[in-house]
Amino acid sequence: MNTKSVISIVLGGGAGSRLYPLTASRSKPAVPIAGKYRLVDIPISNCINSGINRILVLTQFNSASLNKHIKNTYQFNAFSSGFVDILAAEQTPDNPTWFQGTADAVRQSLRHIGSYEYDYVLILSGDQLYQMDFSAMIDNHLAQNADLTIATIPVTHREATEFGILKTNEKNDITSFIEKPKEDVLPDWVSDTGHVMQGMGRNYLASMGIYVFSRKLLFDLLQTEHKDATDFGKEIIPSCINKYKVVSFQYDGYWTDIGNIYSFFEANLALTMDIPHFNLFNNEKTVYTRARMLPPAKISGTTLERTLIAEGCIIHASRIENSVVGIRTRIGNGTTIVSSYIMGGDYYETLAEIQHAEHQGIPKIGIGDRCYIKNVIVDKNCRIGNDVRINGGEHLDKSDHPLYTIKDGIVVIKKGAIIPNGFVI
């Protein structure tokens with residue numbers, strides 16, 4: 001693969017309502033993950049590790065923090081042609097609307113990327129967790145002389161209704177495609193996914209929302225053949241199956257769609273496993289992010305079990321287990337954290353600021369003394385007082401409160417929330 005022949009487009013997604021309240025003040029790709037990264041770091045890192053260094057991120061909702069993160073993180077040297085640029089939705093005289101869907105977002109970006117030299121466009125989602133070598137996918141696209149390649153992954157019967165499901169022939173050409181099939185038609189969509197995948201009950205080939213288009217086809221589809229289509233999965237992909245050579249590239253590694261609070265929570269806690277499915281400790285698949293120059297974490301008197309702790313933390317907790325603790329987190333004496341994701345802070349308070357806040361009865365940023373926190377996501381810059389007890393679980397009903405939201409039994413403390421001493425959920 002000639003890396004100069006490829007340009008990558010990362011789709012920032014819509015308003016991210018299913019990830020609310022994490023997306024109340026930030027776009028979906030800017031949501032913090034694994035204590036120190038942002039979701040957008042995943043597709044960008046996969047591109048860089050695959051030798052692709054010309055990347056555009058498309059966004060339109062709450063994009064300020066995403067812009068700042070990308071500006072502070074991805075800077076290639078002056079002798080490189082590489083870039084990571086934001087393309088925010090913009091109203092123009094010939095197009096007065098915002099992005100209407102995945103295809104429309106790419107269509108509106110074509111005038112910006114038309115001046116670059118490339119033969120293939122790699123289209124990615126900004127809200128997935130996986131480690132994939134895109135160069136192998138593009139090489140396969142070339143070898144098969146394909147017009148369009150779709151990355152696919154075997155999924156189970158339970159998951160199949162949430163994805164675009166497809167079938168292939170013996171050459172891996174895609175012969176049929178259905179978007180989010182109903183339960184009653186699923187038996188008609190079983191595929192030969194290989195012995196290992198079939199042994200895991202993963203009998204359906206699902207689209208990962210990762211596409212390689214040959215340049216001319218993409219322009220023809222979006223500007224001529226389907227100039228009013230707004231979505232790839234619902235409109236463009238099905239129309240291509242019988243008209244062009246559309247190929248499946250099956251991926252058998254770990255991949256999860258961070259579509260809602262539950263999947264986001266599970267994906268983060270899964271990182272604490274002894275051998276996690278998503279391997280952050282891989283020399284060849286580095287996950288890149290902003291270098292913050294933080295001090296090492298400082299931990300005193302704490303029992304730790306299956307826990308990730310990011311840089312710059314000051315921890316005096318009694319016990320932390322099965323949890324992810326993000327940058328600059330402060331946790332007080334006698335506190336227990338179980339199965340939770342603490343995102344941390346954007347800055348340190350000075351001692352003078354802490355004392356001033358205490359005089360006003362406001363807890364310092366972080367988690368206070370003698371707290372019990374279980375099944376909780378604590379967003380950035382929260383102030384949780386002493387003797388607070390938050391016990392998430394299925395016994396809690398779905399609700400939305402000025403300080404927190406409960407979804408699927410997971411309590412999400414909203415960004416910057418102030419939780420007073422003795423508060424109980």
# chains A, B, ... in the order shown; residues from 1 in each chain; ligands from 1
call {"tool": "residues_around", "arguments": {"residues": "Tyr288 (chain A)", "least_positions_apart": "3", "cutoff": "9 Å", "atoms": "only C-alpha atoms", "output": "ChimeraX atom specification"}}
result
/A:37,41-42,44-45,48,73-74,291
call {"tool": "residues_around", "arguments": {"residues": "Gln250 (chain A)", "least_positions_apart": "2", "cutoff": "6 Å", "atoms": "only C-alpha atoms", "output": "short mmCIF file (atom, residue, chain, number, x, y, z; two decimals) with C-alpha atoms, in the first residue's frame"}}
result
data_model
loop_
_atom_site.label_atom_id
_atom_site.label_comp_id
_atom_site.auth_asym_id
_atom_site.auth_seq_id
_atom_site.Cartn_x
_atom_site.Cartn_y
_atom_site.Cartn_z
CA ALA A 151 -14.93 -4.21 7.09
CA THR A 152 -17.10 -6.88 8.68
CA ILE A 153 -17.13 -8.71 11.98
#
call {"tool": "select_by_dssp", "arguments": {"residues": "region 196-302 of chain A", "states": "helix (DSSP H, G or I)", "output": "PyMOL selection string"}}
result
chain A and resi 196-199+215-225+232-240+261-270
call {"tool": "write_last_selection", "arguments": {"atoms": "N, CA and C atoms", "output": "tab-separated table (two decimals), in the first residue's frame"}}
result
chain	number	residue	atom	x	y	z
A	196	VAL	N	-13.97	-21.07	14.35
A	196	VAL	CA	-13.77	-20.42	15.64
A	196	VAL	C	-14.93	-19.50	15.98
A	197	MET	N	-15.33	-18.67	15.01
A	197	MET	CA	-16.42	-17.73	15.24
A	197	MET	C	-17.75	-18.47	15.44
A	198	GLN	N	-17.98	-19.51	14.64
A	198	GLN	CA	-19.22	-20.28	14.78
A	198	GLN	C	-19.28	-20.96	16.14
A	199	GLY	N	-18.11	-21.37	16.65
A	199	GLY	CA	-18.07	-21.98	17.98
A	199	GLY	C	-18.44	-21.02	19.09
A	215	ARG	N	-11.68	6.39	-5.13
A	215	ARG	CA	-12.00	7.82	-5.17
A	215	ARG	C	-13.12	8.16	-6.16
A	216	LYS	N	-12.99	7.70	-7.40
A	216	LYS	CA	-13.97	8.07	-8.42
A	216	LYS	C	-15.37	7.59	-8.05
A	217	LEU	N	-15.47	6.37	-7.51
A	217	LEU	CA	-16.78	5.85	-7.14
A	217	LEU	C	-17.42	6.70	-6.06
A	218	LEU	N	-16.64	7.09	-5.06
A	218	LEU	CA	-17.20	7.89	-3.97
A	218	LEU	C	-17.77	9.21	-4.51
A	219	PHE	N	-17.01	9.88	-5.34
A	219	PHE	CA	-17.49	11.14	-5.90
A	219	PHE	C	-18.73	10.93	-6.77
A	220	ASP	N	-18.71	9.88	-7.60
A	220	ASP	CA	-19.86	9.60	-8.47
A	220	ASP	C	-21.11	9.31	-7.64
A	221	LEU	N	-20.96	8.48	-6.59
A	221	LEU	CA	-22.12	8.11	-5.77
A	221	LEU	C	-22.73	9.32	-5.07
A	222	LEU	N	-21.86	10.14	-4.47
A	222	LEU	CA	-22.36	11.23	-3.63
A	222	LEU	C	-22.78	12.46	-4.42
A	223	GLN	N	-22.17	12.67	-5.57
A	223	GLN	CA	-22.46	13.90	-6.31
A	223	GLN	C	-23.39	13.69	-7.51
A	224	THR	N	-23.52	12.44	-7.96
A	224	THR	CA	-24.33	12.19	-9.17
A	224	THR	C	-25.42	11.14	-8.93
A	225	GLU	N	-25.01	9.89	-8.65
A	225	GLU	CA	-25.98	8.80	-8.55
A	225	GLU	C	-26.93	8.94	-7.38
A	232	PHE	N	-24.95	6.11	4.55
A	232	PHE	CA	-24.28	5.01	3.85
A	232	PHE	C	-25.01	3.69	4.06
A	233	GLY	N	-25.28	3.34	5.32
A	233	GLY	CA	-25.83	2.03	5.64
A	233	GLY	C	-27.22	1.80	5.08
A	234	LYS	N	-28.08	2.82	5.14
A	234	LYS	CA	-29.47	2.65	4.72
A	234	LYS	C	-29.67	2.82	3.22
A	235	GLU	N	-28.86	3.68	2.60
A	235	GLU	CA	-29.14	4.02	1.21
A	235	GLU	C	-28.02	3.64	0.23
A	236	ILE	N	-26.80	4.10	0.49
A	236	ILE	CA	-25.74	3.95	-0.50
A	236	ILE	C	-25.24	2.50	-0.61
A	237	ILE	N	-24.96	1.86	0.53
A	237	ILE	CA	-24.41	0.50	0.49
A	237	ILE	C	-25.35	-0.48	-0.22
A	238	PRO	N	-26.65	-0.53	0.15
A	238	PRO	CA	-27.54	-1.49	-0.54
A	238	PRO	C	-27.60	-1.27	-2.05
A	239	SER	N	-27.51	-0.02	-2.49
A	239	SER	CA	-27.62	0.27	-3.93
A	239	SER	C	-26.36	-0.16	-4.69
A	240	CYS	N	-25.23	-0.31	-3.99
A	240	CYS	CA	-23.97	-0.66	-4.64
A	240	CYS	C	-23.81	-2.16	-4.87
A	261	ILE	N	-24.42	4.36	27.11
A	261	ILE	CA	-23.73	4.40	28.41
A	261	ILE	C	-23.29	3.01	28.86
A	262	TYR	N	-24.13	2.00	28.66
A	262	TYR	CA	-23.78	0.66	29.12
A	262	TYR	C	-22.55	0.13	28.38
A	263	SER	N	-22.52	0.26	27.04
A	263	SER	CA	-21.38	-0.25	26.28
A	263	SER	C	-20.12	0.53	26.60
A	264	PHE	N	-20.26	1.84	26.83
A	264	PHE	CA	-19.12	2.67	27.21
A	264	PHE	C	-18.55	2.23	28.57
A	265	PHE	N	-19.44	1.99	29.52
A	265	PHE	CA	-19.05	1.57	30.87
A	265	PHE	C	-18.36	0.21	30.82
A	266	GLU	N	-18.97	-0.75	30.11
A	266	GLU	CA	-18.41	-2.10	30.01
A	266	GLU	C	-17.05	-2.10	29.32
A	267	ALA	N	-16.91	-1.29	28.27
A	267	ALA	CA	-15.64	-1.24	27.53
A	267	ALA	C	-14.51	-0.71	28.41
A	268	ASN	N	-14.80	0.27	29.23
A	268	ASN	CA	-13.78	0.83	30.12
A	268	ASN	C	-13.39	-0.16	31.22
A	269	LEU	N	-14.38	-0.78	31.86
A	269	LEU	CA	-14.06	-1.72	32.94
A	269	LEU	C	-13.36	-2.97	32.40
A	270	ALA	N	-13.63	-3.34	31.14
A	270	ALA	CA	-12.97	-4.50	30.55
A	270	ALA	C	-11.46	-4.29	30.41
call {"tool": "residues_around", "arguments": {"residues": "Leu56 (chain A)", "least_positions_apart": "2", "cutoff": "9 Å", "atoms": "only C-alpha atoms", "output": "PDB file with N, CA and C atoms, in the first residue's frame"}}
result
ATOM      1  N   ILE A   7      -6.557   8.737   1.879  1.00  0.00           N
ATOM      2  CA  ILE A   7      -6.921   9.792   2.820  1.00  0.00           C
ATOM      3  C   ILE A   7      -8.046   9.236   3.688  1.00  0.00           C
ATOM      4  N   SER A   8      -8.034   9.566   4.970  1.00  0.00           N
ATOM      5  CA  SER A   8      -8.999   8.988   5.912  1.00  0.00           C
ATOM      6  C   SER A   8      -9.959  10.054   6.419  1.00  0.00           C
ATOM      7  N   ILE A   9     -11.231   9.665   6.543  1.00  0.00           N
ATOM      8  CA  ILE A   9     -12.266  10.544   7.087  1.00  0.00           C
ATOM      9  C   ILE A   9     -12.871   9.864   8.312  1.00  0.00           C
ATOM     10  N   VAL A  10     -12.800  10.527   9.457  1.00  0.00           N
ATOM     11  CA  VAL A  10     -13.385  10.008  10.699  1.00  0.00           C
ATOM     12  C   VAL A  10     -14.699  10.736  10.949  1.00  0.00           C
ATOM     13  N   LEU A  11     -15.793   9.982  11.022  1.00  0.00           N
ATOM     14  CA  LEU A  11     -17.110  10.569  11.236  1.00  0.00           C
ATOM     15  C   LEU A  11     -17.332  10.798  12.727  1.00  0.00           C
ATOM     16  N   ARG A  54      -2.923  11.221   6.763  1.00  0.00           N
ATOM     17  CA  ARG A  54      -3.749  12.333   6.304  1.00  0.00           C
ATOM     18  C   ARG A  54      -5.187  12.035   6.721  1.00  0.00           C
ATOM     19  N   LEU A  58     -14.756  14.789  10.949  1.00  0.00           N
ATOM     20  CA  LEU A  58     -15.962  15.554  10.662  1.00  0.00           C
ATOM     21  C   LEU A  58     -16.825  15.651  11.910  1.00  0.00           C
ATOM     22  N   PHE A  83      -1.418  15.258   8.392  1.00  0.00           N
ATOM     23  CA  PHE A  83      -2.226  16.215   9.151  1.00  0.00           C
ATOM     24  C   PHE A  83      -3.406  15.481   9.774  1.00  0.00           C
ATOM     25  N   VAL A  84      -3.905  16.034  10.868  1.00  0.00           N
ATOM     26  CA  VAL A  84      -5.206  15.656  11.410  1.00  0.00           C
ATOM     27  C   VAL A  84      -5.975  16.964  11.544  1.00  0.00           C
ATOM     28  N   ASP A  85      -6.983  17.146  10.716  1.00  0.00           N
ATOM     29  CA  ASP A  85      -7.746  18.396  10.689  1.00  0.00           C
ATOM     30  C   ASP A  85      -9.206  18.149  11.027  1.00  0.00           C
ATOM     31  N   ILE A  86      -9.804  19.142  11.658  1.00  0.00           N
ATOM     32  CA  ILE A  86     -11.237  19.126  11.932  1.00  0.00           C
ATOM     33  C   ILE A  86     -11.969  19.772  10.758  1.00  0.00           C
ATOM     34  N   LEU A  87     -13.023  19.130  10.289  1.00  0.00           N
ATOM     35  CA  LEU A  87     -13.942  19.756   9.350  1.00  0.00           C
ATOM     36  C   LEU A  87     -15.297  19.851  10.040  1.00  0.00           C
ATOM     37  N   ILE A 113     -11.528  18.064   0.314  1.00  0.00           N
ATOM     38  CA  ILE A 113     -10.494  17.041   0.061  1.00  0.00           C
ATOM     39  C   ILE A 113     -10.215  16.847  -1.421  1.00  0.00           C
TER      40      ILE A 113
END
call {"tool": "atom_distance", "arguments": {"atom1": "CA of Arg319 (chain A)", "atom2": "CA of Leu403 (chain A)"}}
result
25.0 Å
call {"tool": "select_by_dssp", "arguments": {"residues": "region 266-371 of chain A", "states": "strand (DSSP E or B)", "output": "PyMOL selection string"}}
result
chain A and resi 298-299+303-309+314-315+319-325+330-331+336-338+341-342+366-367
call {"tool": "write_last_selection", "arguments": {"atoms": "C-alpha atoms", "output": "PDB file, in the first residue's frame"}}
result
ATOM      1  CA  LYS A 298       0.858   9.079  44.302  1.00  0.00           C
ATOM      2  CA  ILE A 299      -0.912   6.327  46.263  1.00  0.00           C
ATOM      3  CA  THR A 303      -5.534  -1.813  48.341  1.00  0.00           C
ATOM      4  CA  LEU A 304      -5.732  -2.050  44.557  1.00  0.00           C
ATOM      5  CA  GLU A 305      -7.344  -4.901  42.641  1.00  0.00           C
ATOM      6  CA  ARG A 306      -7.672  -4.936  38.810  1.00  0.00           C
ATOM      7  CA  THR A 307      -7.440  -1.168  38.552  1.00  0.00           C
ATOM      8  CA  LEU A 308      -5.996   1.253  36.008  1.00  0.00           C
ATOM      9  CA  ILE A 309      -4.646   4.501  37.455  1.00  0.00           C
ATOM     10  CA  ILE A 314      -3.313  11.604  44.547  1.00  0.00           C
ATOM     11  CA  ILE A 315      -5.024   8.640  46.207  1.00  0.00           C
ATOM     12  CA  ARG A 319      -9.774   0.074  48.438  1.00  0.00           C
ATOM     13  CA  ILE A 320     -10.207   0.380  44.665  1.00  0.00           C
ATOM     14  CA  GLU A 321     -11.218  -2.628  42.601  1.00  0.00           C
ATOM     15  CA  ASN A 322     -12.251  -3.299  38.991  1.00  0.00           C
ATOM     16  CA  SER A 323     -12.092   0.420  38.233  1.00  0.00           C
ATOM     17  CA  VAL A 324     -10.455   3.005  35.970  1.00  0.00           C
ATOM     18  CA  VAL A 325      -9.129   6.151  37.633  1.00  0.00           C
ATOM     19  CA  ARG A 330      -7.959  12.980  44.146  1.00  0.00           C
ATOM     20  CA  ILE A 331      -9.526  10.334  46.427  1.00  0.00           C
ATOM     21  CA  THR A 336     -13.972   2.462  48.573  1.00  0.00           C
ATOM     22  CA  ILE A 337     -14.396   2.463  44.779  1.00  0.00           C
ATOM     23  CA  VAL A 338     -15.862  -0.629  43.088  1.00  0.00           C
ATOM     24  CA  TYR A 341     -14.876   4.866  36.007  1.00  0.00           C
ATOM     25  CA  ILE A 342     -13.556   8.071  37.553  1.00  0.00           C
ATOM     26  CA  GLY A 366     -12.260  14.714  43.428  1.00  0.00           C
ATOM     27  CA  ILE A 367     -13.803  12.257  45.890  1.00  0.00           C
TER      28      ILE A 367
END
call {"tool": "residues_around", "arguments": {"residues": "Cys382 (chain A)", "least_positions_apart": "2", "cutoff": "6 Å", "atoms": "only C-alpha atoms", "output": "PyMOL selection string"}}
result
chain A and resi 365+380+415-417
call {"tool": "closest_residue", "arguments": {"among": "A:Cys47, A:Val412, A:Ile52, A:Ile150", "to": "Asp173 (chain A)", "atoms": "only C-alpha atoms"}}
result
A:Ile150
call {"tool": "closest_residue", "arguments": {"among": "A:Arg370, A:His395, A:Arg383, A:Lys243", "to": "Gly422 (chain A)", "atoms": "only C-alpha atoms"}}
result
A:Arg370
